[in-house]
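*Asks:* Quick one: the structure is below, questions incoming.
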Amino acid sequence: MSDDSPAARALRYEREHARSLRALAYRMLGSRAEAEDIVQEAWLRWADVDESTVRHAGAFLSRLVTNLCLDRLQSAAMRREQYVGVWLPEPLVDEAGDWSPNPETQAEFAQDVSVAFMLTLDRLSPLERAAFLLHEVFELDFDEIARRLGRSSAACRQLASRARQHVKADYARHEVEDEERQRLFQAFLGALQSFDVEGLAKVLTDDAILLADGGGKVTAVPRMLEGAVVVARAFVGWAKMPANRDWRIRPARINGLPGCIVYDAAGEPVQTVALRPATTSGRISAVYVQRNPDKLGHLPRIAPA
């Protein structure tokens with residue numbers, strides 16, 4: 001098989017480039033499905049390029065994916081203005097590690113696809129987000145970022161600096177051991193299953209928040225709830241609803257956070273729940289609930305009850 005055959009090029013693209021391109025696209029767009037679409041579109045364009053004319057394939061492809069993402073973000077801006085309720089990223093279930101640039105990357109934010117981090121990125125402008133990700137996650141210098149964004153090196157440095165200030169102000173990165181993740185999830189689930197509002201509130205920080213994304217497709221809390229008791233009451237009230245009696249819970253890591261997938265009696269996923277551990281108190285500081293069916297389509301089904 002020739003190295004220039006379509007099959008060989010497709011294999012090389014998947015092996016050498018697709019992982020880092022998916023990681024970039026997901027962080028830019030907050031959508032697993034759209035990231036896959038972008039990587040596929042990049043491949044279709046790359047397949048028409050004569051590789052002998054390209055000095056560095058990785059740089060060419062990441063520049064292409066960055067521009068495709070920026071184009072999509074511009075069209076998404078109007079859709080986002082019309083989005084109903086809270087927006088949360090499409091969940092990565094038990095696969096956060098697969099969406100890092102590569103296993104060896106040690107940059108501060110390289111492995112992070114937590115919901116809190118993705119929400120912080122979403123508050124940046126598209127160009128700020130691109131400059132920040134390319135520098136802080138993909139470790140590119142500003143001359144290369146300038147070539148990719150069509151801006152001066154100084155302008156890209158300013159974009160990345162402004163973005164980092166926003167990220168540091170809005171988001172505290174916190175590593176939690178697996179044992180602590182498990183403890184928090186079991187405490188949360190136990191209090192929820194026993195309808196124990198007081199017990200659930202004790203698992204949460206005093207200023208804990210709840211964000212739920214229904215996308216206007218299904219019912220969801222339309223705005224952020226804040227406060228341990230308020231969040232606990234909302235969750236216990238949801239658990240007590242007769243329609244939810246036959247729902248089943250499968251523990252899972254959601255965007256690297258402890259959490260679960262909730263299934264209905266037919267075995268269809270109806271929501272994911274991700275729990276963000278607090279930085280110091282050993283409790284939960286945020287609960288993220290994804291209910292938008294458009295963002296759950298990739299999740300596995302289970303056998304009907």
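Here's how to read the names in the structure tokens: chain A, B, ... by the order shown, residue numbers from 1 in each chain, ligand numbers from 1 in the order shown.
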Contacts between region 16-40 of chain A and region 54-110 of chain A, please, where a residue of region 54-110 of chain A counts if it comes within 6 Å (with only C-alpha atoms); show its shortest atom pair and distance in Å to one decimal, rows by chain and ascending number, as a Markdown table.

*Replies:*
```
| residue | atom | partner | partner_atom | distance |
| --- | --- | --- | --- | --- |
| A:Pro89 | CA | A:Gly30 | CA | 4.7 |
| A:Glu90 | CA | A:Ser31 | CA | 4.9 |
| A:Trp99 | CA | A:Ala23 | CA | 4.8 |
| A:Ser100 | CA | A:Ala23 | CA | 5.5 |
| A:Pro101 | CA | A:Ser20 | CA | 4.1 |
```

*Asks:* Taking only region 48-244 of chain A into account, list the residues labelled strand (DSSP E) by DSSP (computed from the backbone), as a list in words.

*Replies:* Leu204, Thr205, Asp206, Asp207, Ala208, Ile209, Leu210, Leu211, Ala212, Asp213, Leu225 and Glu226 of chain A

*Asks:* Take the residues from that selection and put them in a file with all heavy atoms, as a CSV table (one decimal), in the first residue's frame.

*Replies:*
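Generated output (selection11.csv):
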```csv
chain,number,residue,atom,x,y,z
A,204,LEU,N,-23.1,19.6,50.7
A,204,LEU,CA,-22.9,20.7,49.8
A,204,LEU,C,-22.2,21.9,50.6
A,204,LEU,O,-22.5,22.0,51.8
A,204,LEU,CB,-24.2,21.2,49.2
A,204,LEU,CG,-25.0,20.2,48.4
A,204,LEU,CD1,-26.4,20.7,48.1
A,204,LEU,CD2,-24.3,19.8,47.1
A,205,THR,N,-21.5,22.7,49.9
A,205,THR,CA,-21.0,23.9,50.5
A,205,THR,C,-22.1,24.9,50.7
A,205,THR,O,-23.2,24.8,50.0
A,205,THR,CB,-19.9,24.6,49.7
A,205,THR,OG1,-20.4,24.9,48.4
A,205,THR,CG2,-18.7,23.7,49.5
A,206,ASP,N,-22.0,25.8,51.6
A,206,ASP,CA,-23.0,26.8,51.9
A,206,ASP,C,-23.5,27.6,50.7
A,206,ASP,O,-24.6,27.9,50.5
A,206,ASP,CB,-22.6,27.8,53.0
A,206,ASP,CG,-22.5,27.1,54.4
A,206,ASP,OD1,-23.0,26.0,54.5
A,206,ASP,OD2,-21.8,27.6,55.2
A,207,ASP,N,-22.5,27.8,49.8
A,207,ASP,CA,-22.8,28.6,48.6
A,207,ASP,C,-22.8,27.8,47.3
A,207,ASP,O,-22.6,28.2,46.2
A,207,ASP,CB,-21.7,29.7,48.4
A,207,ASP,CG,-20.3,29.2,48.3
A,207,ASP,OD1,-20.1,28.0,48.5
A,207,ASP,OD2,-19.4,29.9,48.0
A,208,ALA,N,-23.1,26.5,47.5
A,208,ALA,CA,-23.2,25.6,46.4
A,208,ALA,C,-24.2,26.1,45.3
A,208,ALA,O,-25.2,26.7,45.6
A,208,ALA,CB,-23.6,24.2,46.8
A,209,ILE,N,-23.9,25.7,44.0
A,209,ILE,CA,-24.8,26.1,43.0
A,209,ILE,C,-25.3,24.9,42.2
A,209,ILE,O,-24.7,23.9,42.2
A,209,ILE,CB,-24.2,27.1,42.0
A,209,ILE,CG1,-23.0,26.4,41.3
A,209,ILE,CG2,-23.7,28.4,42.7
A,209,ILE,CD1,-22.4,27.2,40.1
A,210,LEU,N,-26.5,25.1,41.6
A,210,LEU,CA,-27.0,24.1,40.7
A,210,LEU,C,-27.3,24.7,39.3
A,210,LEU,O,-28.0,25.8,39.3
A,210,LEU,CB,-28.4,23.5,41.3
A,210,LEU,CG,-29.2,22.7,40.3
A,210,LEU,CD1,-28.5,21.4,39.9
A,210,LEU,CD2,-30.6,22.4,41.0
A,211,LEU,N,-26.8,24.1,38.3
A,211,LEU,CA,-27.1,24.6,36.9
A,211,LEU,C,-27.6,23.4,36.1
A,211,LEU,O,-27.1,22.3,36.2
A,211,LEU,CB,-25.8,25.0,36.2
A,211,LEU,CG,-25.1,26.3,36.8
A,211,LEU,CD1,-23.8,26.5,36.1
A,211,LEU,CD2,-26.0,27.5,36.6
A,212,ALA,N,-28.7,23.6,35.4
A,212,ALA,CA,-29.4,22.5,34.7
A,212,ALA,C,-29.7,23.0,33.2
A,212,ALA,O,-30.2,24.1,33.1
A,212,ALA,CB,-30.6,22.1,35.4
A,213,ASP,N,-29.3,22.2,32.3
A,213,ASP,CA,-29.5,22.6,30.9
A,213,ASP,C,-30.6,21.7,30.2
A,213,ASP,O,-30.4,20.5,30.1
A,213,ASP,CB,-28.2,22.4,30.1
A,213,ASP,CG,-28.2,22.7,28.6
A,213,ASP,OD1,-29.3,22.9,28.1
A,213,ASP,OD2,-27.2,22.7,28.0
A,225,LEU,N,-29.5,28.0,40.7
A,225,LEU,CA,-29.9,28.0,42.1
A,225,LEU,C,-28.7,28.1,42.9
A,225,LEU,O,-27.6,27.5,42.6
A,225,LEU,CB,-30.7,26.8,42.4
A,225,LEU,CG,-32.0,26.6,41.7
A,225,LEU,CD1,-32.7,25.3,42.2
A,225,LEU,CD2,-32.9,27.8,41.8
A,226,GLU,N,-28.7,28.8,44.1
A,226,GLU,CA,-27.6,29.0,44.9
A,226,GLU,C,-28.0,28.8,46.4
A,226,GLU,O,-29.0,29.2,46.8
A,226,GLU,CB,-26.9,30.3,44.7
A,226,GLU,CG,-25.7,30.5,45.5
A,226,GLU,CD,-24.9,31.8,45.2
A,226,GLU,OE1,-25.5,32.6,44.4
A,226,GLU,OE2,-23.8,32.0,45.7
```

*Asks:* Sorted by chain and rising residue number, list the residues of region 72-130 of chain A at most 12 Å from region 157-179 of chain A (counting only C-alpha atoms), each with its closest atom pair and distance in Å to one decimal, as a Markdown table.

*Replies:*
```
| residue | atom | partner | partner_atom | distance |
| --- | --- | --- | --- | --- |
| A:Glu108 | CA | A:Arg173 | CA | 9.1 |
| A:Phe109 | CA | A:Arg173 | CA | 8.4 |
| A:Ala110 | CA | A:Arg173 | CA | 11.7 |
| A:Gln111 | CA | A:Glu175 | CA | 11.0 |
| A:Asp112 | CA | A:Arg173 | CA | 8.6 |
| A:Val113 | CA | A:Arg173 | CA | 10.9 |
| A:Ser114 | CA | A:Arg173 | CA | 9.4 |
| A:Val115 | CA | A:Tyr171 | CA | 10.6 |
| A:Ala116 | CA | A:Tyr171 | CA | 7.0 |
| A:Phe117 | CA | A:Tyr171 | CA | 6.6 |
| A:Met118 | CA | A:Tyr171 | CA | 9.9 |
| A:Leu119 | CA | A:Tyr171 | CA | 9.2 |
| A:Thr120 | CA | A:Val167 | CA | 6.2 |
| A:Leu121 | CA | A:Val167 | CA | 7.4 |
| A:Asp122 | CA | A:Val167 | CA | 10.4 |
| A:Arg123 | CA | A:His166 | CA | 8.6 |
| A:Leu124 | CA | A:Ala163 | CA | 6.6 |
| A:Ser125 | CA | A:Ala163 | CA | 8.5 |
| A:Pro126 | CA | A:Leu159 | CA | 10.1 |
| A:Leu127 | CA | A:Leu159 | CA | 7.1 |
| A:Glu128 | CA | A:Leu159 | CA | 5.0 |
| A:Arg129 | CA | A:Ala163 | CA | 6.9 |
| A:Ala130 | CA | A:Ala160 | CA | 8.2 |
```

*Asks:* Output C-alpha atoms for every residue in the selection just made, as a compact mmCIF listing (two decimals), in the first residue's frame.

*Replies:*
```
# COMPACT_ATOMS: atom_id res chain seq x y z
CA GLU A 108 -1.63 23.35 33.22
CA PHE A 109 -5.04 23.04 31.55
CA ALA A 110 -4.26 20.30 29.01
CA GLN A 111 -6.18 17.50 30.74
CA ASP A 112 -9.02 19.70 31.98
CA VAL A 113 -12.44 19.39 30.35
CA SER A 114 -14.42 19.86 33.57
CA VAL A 115 -17.75 21.62 33.26
CA ALA A 116 -16.49 24.58 35.30
CA PHE A 117 -13.50 25.02 32.98
CA MET A 118 -15.68 24.72 29.88
CA LEU A 119 -18.10 27.34 31.27
CA THR A 120 -15.17 29.66 31.92
CA LEU A 121 -13.96 29.21 28.33
CA ASP A 122 -17.48 29.90 27.09
CA ARG A 123 -17.38 33.35 28.69
CA LEU A 124 -14.34 34.32 26.60
CA SER A 125 -14.63 35.82 23.14
CA PRO A 126 -13.88 33.36 20.30
CA LEU A 127 -10.48 34.92 19.62
CA GLU A 128 -9.59 35.02 23.32
CA ARG A 129 -10.57 31.38 23.63
CA ALA A 130 -8.49 30.38 20.62
```

*Asks:* Got a sec: who's within 10 Å of Leu296 (chain A), counting only C-alpha atoms, leaving out chain neighbours fewer than 3 positions off, as JSON, numbers by chain?

*Replies:* {"A": [90, 91, 92, 261, 268, 269, 270, 271, 272, 290, 291, 292, 293, 299, 300]}

*Asks:* Find, counting only C-alpha atoms, the residue in A:Pro242, A:Gly190, A:Gly199, A:Gly58 that gets nearest to Trp46 (chain A).

*Replies:*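 Smallest separation from Trp46 (chain A) among the options: A:Gly58.
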
*Asks:* Nearest residue to Ala234 (chain A) out of A:Ala252, A:Leu257, A:Ala201, A:Leu133, using only C-alpha atoms?

*Replies:*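 Ranking A:Ala252, A:Leu257, A:Ala201, A:Leu133 by distance to Ala234 (chain A), first place goes to A:Ala201.
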
*Asks:* Restricting the calculation to only C-alpha atoms, which member of A:Pro222, A:Pro277, A:Cys156, A:Leu64 is positioned closest to Leu140 (chain A)?

*Replies:* A:Cys156

*Asks:* Need the shell around Asp246 (chain A): protein/DNA/RNA residues with any atom at most 9 Å away, counting only C-alpha atoms. Skip same-chain ones fewer than 2 positions apart. Format as a list in words?

*Replies:* Pro242, Ala243, Asn244, Arg248, Tyr263, Asp264, Ala265 and Ala305 of chain A

*Asks:* Hey, which of A:Ala131, A:Ala7, A:Val218, A:Met224 ends up closest to Ser153 (chain A)? Count only C-alpha atoms.

*Replies:* A:Ala131

*Asks:* So what do you get for CA of Gly256 (chain A) versus CA of Glu95 (chain A), distance-wise?

*Replies:*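 We find that CA of Gly256 (chain A) and CA of Glu95 (chain A) lie 7.7 Å from each other.
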
*Asks:* Quick one: residues within 12 Å of Glu51 (chain A), only C-alpha atoms counted, chain neighbours fewer than 3 positions away excluded, as a list in words?

*Replies:*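 Skipping anything fewer than 3 positions along the chain leaves Asp3, Asp4, Ser5, Pro6, Arg9, Arg12, Tyr13, Arg45, Trp46, Ala47, Asp48, Val54, Arg55, His56, Ala57, Gly58, Phe60 and Leu61 of chain A.
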
*Asks:* Which value, in Å to one decimal, gives the distance between CA of Asp294 (chain A) and CA of Val262 (chain A)?

*Replies:*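 Those two atoms sit 15.5 Å apart.
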